[in-house]
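S.K.: Below you'll find model.pdb; it's PDB, C-alpha atoms and all ligand atoms.
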ATOM      1  CA  MET A   1      18.496  19.537  30.833  1.00  0.00           C
ATOM      2  CA  GLY A   2      20.244  16.350  29.787  1.00  0.00           C
ATOM      3  CA  ASN A   3      22.937  14.485  31.660  1.00  0.00           C
ATOM      4  CA  ASP A   4      26.487  13.279  31.214  1.00  0.00           C
ATOM      5  CA  GLU A   5      25.356   9.758  30.327  1.00  0.00           C
ATOM      6  CA  GLU A   6      23.352  10.919  27.335  1.00  0.00           C
ATOM      7  CA  LEU A   7      26.248  13.037  26.120  1.00  0.00           C
ATOM      8  CA  VAL A   8      28.814  10.263  26.534  1.00  0.00           C
ATOM      9  CA  GLU A   9      26.616   7.760  24.702  1.00  0.00           C
ATOM     10  CA  SER A  10      26.160  10.271  21.889  1.00  0.00           C
ATOM     11  CA  ALA A  11      29.922  10.795  21.584  1.00  0.00           C
ATOM     12  CA  MET A  12      30.358   7.017  21.419  1.00  0.00           C
ATOM     13  CA  ARG A  13      27.820   6.821  18.617  1.00  0.00           C
ATOM     14  CA  ALA A  14      29.502   9.665  16.730  1.00  0.00           C
ATOM     15  CA  ALA A  15      32.862   7.841  16.801  1.00  0.00           C
ATOM     16  CA  GLU A  16      31.293   5.005  14.796  1.00  0.00           C
ATOM     17  CA  ASN A  17      31.204   7.328  11.768  1.00  0.00           C
ATOM     18  CA  SER A  18      34.808   8.467  12.098  1.00  0.00           C
ATOM     19  CA  TYR A  19      36.589   8.830   8.761  1.00  0.00           C
ATOM     20  CA  SER A  20      40.155   8.097   9.875  1.00  0.00           C
ATOM     21  CA  PRO A  21      41.791   5.684   7.400  1.00  0.00           C
ATOM     22  CA  TYR A  22      45.202   7.373   7.882  1.00  0.00           C
ATOM     23  CA  SER A  23      45.594   7.635  11.665  1.00  0.00           C
ATOM     24  CA  LYS A  24      43.141   4.828  12.420  1.00  0.00           C
ATOM     25  CA  PHE A  25      42.254   6.894  15.488  1.00  0.00           C
ATOM     26  CA  ARG A  26      38.500   7.240  15.769  1.00  0.00           C
ATOM     27  CA  VAL A  27      37.016  10.145  17.708  1.00  0.00           C
ATOM     28  CA  GLY A  28      33.471  11.205  18.514  1.00  0.00           C
ATOM     29  CA  ALA A  29      32.214  14.374  20.155  1.00  0.00           C
ATOM     30  CA  ALA A  30      28.797  15.365  21.482  1.00  0.00           C
ATOM     31  CA  LEU A  31      28.241  19.044  22.127  1.00  0.00           C
ATOM     32  CA  ARG A  32      25.287  20.326  24.166  1.00  0.00           C
ATOM     33  CA  ALA A  33      23.941  23.750  23.235  1.00  0.00           C
ATOM     34  CA  ALA A  34      22.497  26.096  25.854  1.00  0.00           C
ATOM     35  CA  ASP A  35      18.975  25.176  24.644  1.00  0.00           C
ATOM     36  CA  GLY A  36      19.689  21.468  25.276  1.00  0.00           C
ATOM     37  CA  THR A  37      20.132  20.381  21.669  1.00  0.00           C
ATOM     38  CA  VAL A  38      22.984  17.900  21.223  1.00  0.00           C
ATOM     39  CA  TYR A  39      25.212  18.052  18.146  1.00  0.00           C
ATOM     40  CA  LEU A  40      27.486  15.207  17.091  1.00  0.00           C
ATOM     41  CA  GLY A  41      30.869  15.456  15.429  1.00  0.00           C
ATOM     42  CA  THR A  42      33.505  13.023  14.266  1.00  0.00           C
ATOM     43  CA  ASN A  43      36.996  13.370  12.850  1.00  0.00           C
ATOM     44  CA  VAL A  44      37.231  13.632   9.067  1.00  0.00           C
ATOM     45  CA  GLU A  45      40.682  12.995   7.636  1.00  0.00           C
ATOM     46  CA  ASN A  46      42.101  13.538   4.162  1.00  0.00           C
ATOM     47  CA  ARG A  47      44.827  11.994   2.024  1.00  0.00           C
ATOM     48  CA  SER A  48      46.470  15.413   2.323  1.00  0.00           C
ATOM     49  CA  TYR A  49      47.092  14.642   5.995  1.00  0.00           C
ATOM     50  CA  GLY A  50      47.208  18.204   7.319  1.00  0.00           C
ATOM     51  CA  LEU A  51      43.577  18.774   6.351  1.00  0.00           C
ATOM     52  CA  ALA A  52      42.192  16.485   9.065  1.00  0.00           C
ATOM     53  CA  ILE A  53      39.273  17.991  10.940  1.00  0.00           C
ATOM     54  CA  CYS A  54      38.846  16.965  14.574  1.00  0.00           C
ATOM     55  CA  ALA A  55      35.581  15.661  16.009  1.00  0.00           C
ATOM     56  CA  GLU A  56      35.209  18.679  18.296  1.00  0.00           C
ATOM     57  CA  ARG A  57      35.411  21.165  15.442  1.00  0.00           C
ATOM     58  CA  SER A  58      33.054  19.058  13.322  1.00  0.00           C
ATOM     59  CA  ALA A  59      30.473  19.343  16.093  1.00  0.00           C
ATOM     60  CA  ILE A  60      30.989  23.090  16.516  1.00  0.00           C
ATOM     61  CA  VAL A  61      30.583  23.728  12.795  1.00  0.00           C
ATOM     62  CA  ARG A  62      27.374  21.705  12.618  1.00  0.00           C
ATOM     63  CA  ALA A  63      25.911  23.501  15.605  1.00  0.00           C
ATOM     64  CA  VAL A  64      26.861  27.017  14.536  1.00  0.00           C
ATOM     65  CA  THR A  65      25.458  26.283  11.084  1.00  0.00           C
ATOM     66  CA  ASP A  66      22.206  25.497  12.894  1.00  0.00           C
ATOM     67  CA  GLY A  67      22.274  28.935  14.544  1.00  0.00           C
ATOM     68  CA  GLN A  68      23.710  27.957  17.945  1.00  0.00           C
ATOM     69  CA  ARG A  69      26.152  30.283  19.697  1.00  0.00           C
ATOM     70  CA  ARG A  70      26.544  28.968  23.243  1.00  0.00           C
ATOM     71  CA  PHE A  71      27.468  25.515  24.552  1.00  0.00           C
ATOM     72  CA  THR A  72      27.463  24.202  28.102  1.00  0.00           C
ATOM     73  CA  ASP A  73      29.076  20.750  27.814  1.00  0.00           C
ATOM     74  CA  ILE A  74      30.989  18.529  25.431  1.00  0.00           C
ATOM     75  CA  ALA A  75      31.858  14.833  25.669  1.00  0.00           C
ATOM     76  CA  ILE A  76      34.886  13.583  23.730  1.00  0.00           C
ATOM     77  CA  TYR A  77      35.484   9.875  23.212  1.00  0.00           C
ATOM     78  CA  SER A  78      37.888   7.621  21.367  1.00  0.00           C
ATOM     79  CA  PRO A  79      37.577   3.837  21.238  1.00  0.00           C
ATOM     80  CA  ASP A  80      41.306   3.897  20.376  1.00  0.00           C
ATOM     81  CA  SER A  81      42.599   5.592  23.524  1.00  0.00           C
ATOM     82  CA  VAL A  82      42.499   4.097  27.002  1.00  0.00           C
ATOM     83  CA  GLU A  83      43.473   7.514  28.314  1.00  0.00           C
ATOM     84  CA  PRO A  84      40.359   9.766  28.436  1.00  0.00           C
ATOM     85  CA  LEU A  85      40.814  11.944  25.359  1.00  0.00           C
ATOM     86  CA  SER A  86      41.330  15.678  25.732  1.00  0.00           C
ATOM     87  CA  PRO A  87      41.077  18.099  22.794  1.00  0.00           C
ATOM     88  CA  CYS A  88      44.068  19.350  20.803  1.00  0.00           C
ATOM     89  CA  GLY A  89      45.208  22.945  21.176  1.00  0.00           C
ATOM     90  CA  ALA A  90      43.426  24.134  18.045  1.00  0.00           C
ATOM     91  CA  CYS A  91      40.122  22.675  19.255  1.00  0.00           C
ATOM     92  CA  ARG A  92      40.524  24.199  22.719  1.00  0.00           C
ATOM     93  CA  GLN A  93      40.814  27.597  21.069  1.00  0.00           C
ATOM     94  CA  VAL A  94      37.752  27.001  18.861  1.00  0.00           C
ATOM     95  CA  LEU A  95      35.658  25.597  21.745  1.00  0.00           C
ATOM     96  CA  SER A  96      36.579  28.590  23.921  1.00  0.00           C
ATOM     97  CA  GLU A  97      34.997  30.914  21.364  1.00  0.00           C
ATOM     98  CA  PHE A  98      31.558  29.539  22.306  1.00  0.00           C
ATOM     99  CA  MET A  99      31.989  27.977  25.770  1.00  0.00           C
ATOM    100  CA  ARG A 100      32.233  29.994  28.973  1.00  0.00           C
ATOM    101  CA  PRO A 101      35.031  29.353  31.487  1.00  0.00           C
ATOM    102  CA  GLU A 102      32.654  27.263  33.640  1.00  0.00           C
ATOM    103  CA  ALA A 103      31.478  25.060  30.733  1.00  0.00           C
ATOM    104  CA  ARG A 104      32.228  21.353  31.172  1.00  0.00           C
ATOM    105  CA  LEU A 105      34.354  19.015  29.090  1.00  0.00           C
ATOM    106  CA  ILE A 106      34.003  15.269  29.650  1.00  0.00           C
ATOM    107  CA  PHE A 107      36.955  13.234  28.405  1.00  0.00           C
ATOM    108  CA  VAL A 108      36.143   9.555  27.920  1.00  0.00           C
ATOM    109  CA  GLY A 109      38.535   6.666  27.386  1.00  0.00           C
ATOM    110  CA  SER A 110      37.911   3.406  25.540  1.00  0.00           C
ATOM    111  CA  ASN A 111      37.058   1.576  28.767  1.00  0.00           C
ATOM    112  CA  GLY A 112      34.557   4.303  29.714  1.00  0.00           C
ATOM    113  CA  ALA A 113      36.842   6.025  32.251  1.00  0.00           C
ATOM    114  CA  ARG A 114      35.979   9.714  32.541  1.00  0.00           C
ATOM    115  CA  SER A 115      37.689  12.895  33.496  1.00  0.00           C
ATOM    116  CA  VAL A 116      35.704  16.136  33.781  1.00  0.00           C
ATOM    117  CA  HIS A 117      37.258  19.585  33.441  1.00  0.00           C
ATOM    118  CA  SER A 118      36.129  23.171  33.013  1.00  0.00           C
ATOM    119  CA  MET A 119      36.872  25.269  29.946  1.00  0.00           C
ATOM    120  CA  ALA A 120      38.975  27.529  32.203  1.00  0.00           C
ATOM    121  CA  GLU A 121      41.139  24.566  33.199  1.00  0.00           C
ATOM    122  CA  VAL A 122      41.857  23.458  29.649  1.00  0.00           C
ATOM    123  CA  MET A 123      42.224  27.002  28.303  1.00  0.00           C
ATOM    124  CA  PRO A 124      44.166  29.066  30.844  1.00  0.00           C
ATOM    125  CA  PHE A 125      45.246  32.610  29.948  1.00  0.00           C
ATOM    126  CA  ASP A 126      42.373  32.768  27.451  1.00  0.00           C
ATOM    127  CA  ALA A 127      42.523  36.011  25.463  1.00  0.00           C
ATOM    128  CA  LEU A 128      41.105  38.133  22.655  1.00  0.00           C
ATOM    129  CA  HIS A 129      37.374  37.873  23.479  1.00  0.00           C
ATOM    130  CA  ASP A 130      37.074  41.674  23.493  1.00  0.00           C
ATOM    131  CA  LEU A 131      37.953  41.831  19.791  1.00  0.00           C
ATOM    132  CA  LYS A 132      34.246  41.118  19.234  1.00  0.00           C
ATOM    133  CA  ASP A 133      33.081  44.203  21.120  1.00  0.00           C
ATOM    134  CA  ARG A 134      35.186  46.877  19.442  1.00  0.00           C
TER     135      ARG A 134
HETATM  136  N1  LIG B 201      41.477  14.009  16.845  1.00  0.00           N
HETATM  137  C1  LIG B 201      40.227  14.431  17.154  1.00  0.00           C
HETATM  138  O1  LIG B 201      39.296  14.347  16.349  1.00  0.00           O
HETATM  139  N2  LIG B 201      40.023  14.953  18.386  1.00  0.00           N
HETATM  140  C2  LIG B 201      40.952  14.976  19.380  1.00  0.00           C
HETATM  141  O2  LIG B 201      40.656  15.440  20.478  1.00  0.00           O
HETATM  142  C3  LIG B 201      42.290  14.441  19.135  1.00  0.00           C
HETATM  143  C4  LIG B 201      42.612  14.153  17.717  1.00  0.00           C
HETATM  144  C5  LIG B 201      41.689  13.360  15.530  1.00  0.00           C
HETATM  145  C6  LIG B 201      42.513  14.108  14.527  1.00  0.00           C
HETATM  146  C7  LIG B 201      43.032  12.981  13.672  1.00  0.00           C
HETATM  147  O3  LIG B 201      42.036  12.606  12.731  1.00  0.00           O
HETATM  148  C8  LIG B 201      43.184  11.818  14.643  1.00  0.00           C
HETATM  149  O4  LIG B 201      42.337  12.121  15.740  1.00  0.00           O
HETATM  150  C9  LIG B 201      44.604  11.592  15.130  1.00  0.00           C
HETATM  151  O5  LIG B 201      45.152  12.758  15.640  1.00  0.00           O
END
Once you've parsed the file, please lay out its structure as structure tokens.
M.R.:
Amino acid sequence: MGNDEELVESAMRAAENSYSPYSKFRVGAALRAADGTVYLGTNVENRSYGLAICAERSAIVRAVTDGQRRFTDIAIYSPDSVEPLSPCGACRQVLSEFMRPEARLIFVGSNGARSVHSMAEVMPFDALHDLKDR
């Protein structure tokens, strides 16, 4: 059901629409839902700097709006970082709401270098999931 290549290419495409006139740091994300649908996200900044929305959260919001609740993989890419880009702390928390510990995150750098990690690796000591079941 889809492969890494498709997801990475989608994240690269998403970064083309980045709205980042303040940081000039473009980011694209491609999130694969459990049913195989891929959702794109990009970072959307604001002149009130603290309101910037990351690419990863943009993708999550689009997908959840479409009724999705479970994601298996996400690719994250920036043409402005040689280092494969990993999500900020806030995005790790938001991704972990909908991605299981074994879900895959593909970090991609500007030269195409990749680094693949599980949700459990990037979100150790994950907590509070049982708040849902009370
Ligand atoms: N950013 C993302 O969209 N995703 C990341 O993983 C890292 C940071 C955005 C936020 C801000 O618009 C810009 O990149 C610089 O931090």
S.K.: For a quick check of understanding, using only C-alpha atoms, which of A:Asp4, A:Glu121, A:Asp73, A:Glu56 has the smallest distance to A:Arg32?
M.R.: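 Counting only C-alpha atoms, the residue closest to A:Arg32 is A:Asp73.
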S.K.: Given the choices A:Cys54, A:Ala75, A:Val61, A:Leu105, which gets closest to ligand LIG 201 (chain B) if the distance is worked out from only C-alpha atoms and all ligand atoms?
M.R.: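 Of the candidates, the smallest distance to ligand LIG 201 (chain B) is held by A:Cys54.
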S.K.: To test your reading of the syntax: which residues would the PyMOL selection byres (((not hetatm)) within 8 of (chain B and resi 201)) return for the file shown? Reply as JSON, numbers by chain.
M.R.: {"A": [19, 20, 22, 23, 24, 25, 26, 27, 28, 42, 43, 44, 45, 52, 53, 54, 55, 56, 57, 76, 85, 86, 87, 88, 91]}
S.K.: Generate a file of the selected residues that holds C-alpha atoms, formatted as a CSV table (one decimal), in the frame of the given file.
M.R.:
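Output below, filename result.csv:
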chain,number,residue,atom,x,y,z
A,19,TYR,CA,36.6,8.8,8.8
A,20,SER,CA,40.2,8.1,9.9
A,22,TYR,CA,45.2,7.4,7.9
A,23,SER,CA,45.6,7.6,11.7
A,24,LYS,CA,43.1,4.8,12.4
A,25,PHE,CA,42.3,6.9,15.5
A,26,ARG,CA,38.5,7.2,15.8
A,27,VAL,CA,37.0,10.1,17.7
A,28,GLY,CA,33.5,11.2,18.5
A,42,THR,CA,33.5,13.0,14.3
A,43,ASN,CA,37.0,13.4,12.8
A,44,VAL,CA,37.2,13.6,9.1
A,45,GLU,CA,40.7,13.0,7.6
A,52,ALA,CA,42.2,16.5,9.1
A,53,ILE,CA,39.3,18.0,10.9
A,54,CYS,CA,38.8,17.0,14.6
A,55,ALA,CA,35.6,15.7,16.0
A,56,GLU,CA,35.2,18.7,18.3
A,57,ARG,CA,35.4,21.2,15.4
A,76,ILE,CA,34.9,13.6,23.7
A,85,LEU,CA,40.8,11.9,25.4
A,86,SER,CA,41.3,15.7,25.7
A,87,PRO,CA,41.1,18.1,22.8
A,88,CYS,CA,44.1,19.4,20.8
A,91,CYS,CA,40.1,22.7,19.3
S.K.: Between A:Leu51, A:Ala59, A:Val108, A:Ala33, which has the minimum distance to A:Met12 (counting only C-alpha atoms)?
M.R.: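 Closest to A:Met12, using only C-alpha atoms: A:Val108.
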S.K.: Please provide as a list in words all residues within 10 Å of A:Ala34, with the sequence filter that same-chain residues fewer than 6 positions apart are discarded (counting only C-alpha atoms).
M.R.: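 Skipping anything fewer than 6 positions along the chain leaves Met1, Gln68, Arg69, Arg70, Phe71, Thr72, Asp73 and Met99 of chain A.
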S.K.: Could you state which residues are captured by the PyMOL selection byres (((chain A and resi 3) around 12) and not hetatm) in this file, as a ChimeraX atom specification?
M.R.: /A:1-2,4-10,30-32,36-38,72-75,104,106
S.K.: Choose the residue, out of A:Ser58, A:Asp66, A:Ala113, A:Ser96, that has the smallest atom-to-atom separation from A:Phe125; count all atoms listed in the file.
M.R.: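 Using all atoms listed in the file, A:Phe125 sits closest to A:Ser96.
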S.K.: Can you work out the spacing between atom CA of A:Glu102 and atom CA of A:Ala29 in Å, to one decimal?
M.R.: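 So the answer is 18.7 Å.
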S.K.: Would you mind telling me which residue in A:Asp35, A:Asn111, A:His129, A:Arg47 lies nearest to A:Pro79 when using all atoms listed in the file?
M.R.: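 Among the listed residues, A:Asn111 lies closest to A:Pro79.
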S.K.: For the point (43.5, 10.8, 27.9) in the file's frame, write as a count of residues only all residues with an atom no more than 9 Å away, counting only C-alpha atoms.
M.R.: 11
S.K.: What is the distance between atom CA of A:Gly41 and atom CA of A:Ile60, in Å to one decimal?
M.R.: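 These two atoms are separated by 7.7 Å.
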S.K.: Looking at only C-alpha atoms, which of A:Met123, A:Leu40, A:Val64, A:Ala11 is the one that sits closest to A:Phe98?
M.R.: A:Val64
S.K.: Kindly give the distance, in Å, that separates atom CA of A:Thr65 and atom CA of A:Pro21, rounded to a single decimal.
M.R.: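 Those two atoms sit 26.5 Å apart.
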S.K.: Report the centre and edge lengths, in Å to one decimal, of an axis-aligned box enclosing every atom of stretch 62-77 of chain A listed in the file, padded by 3 Å on each side, as AutoDock Vina command-line options.
M.R.:
--center_x 28.8 --center_y 20.1 --center_z 19.6 --size_x 19.3 --size_y 26.4 --size_z 23.0
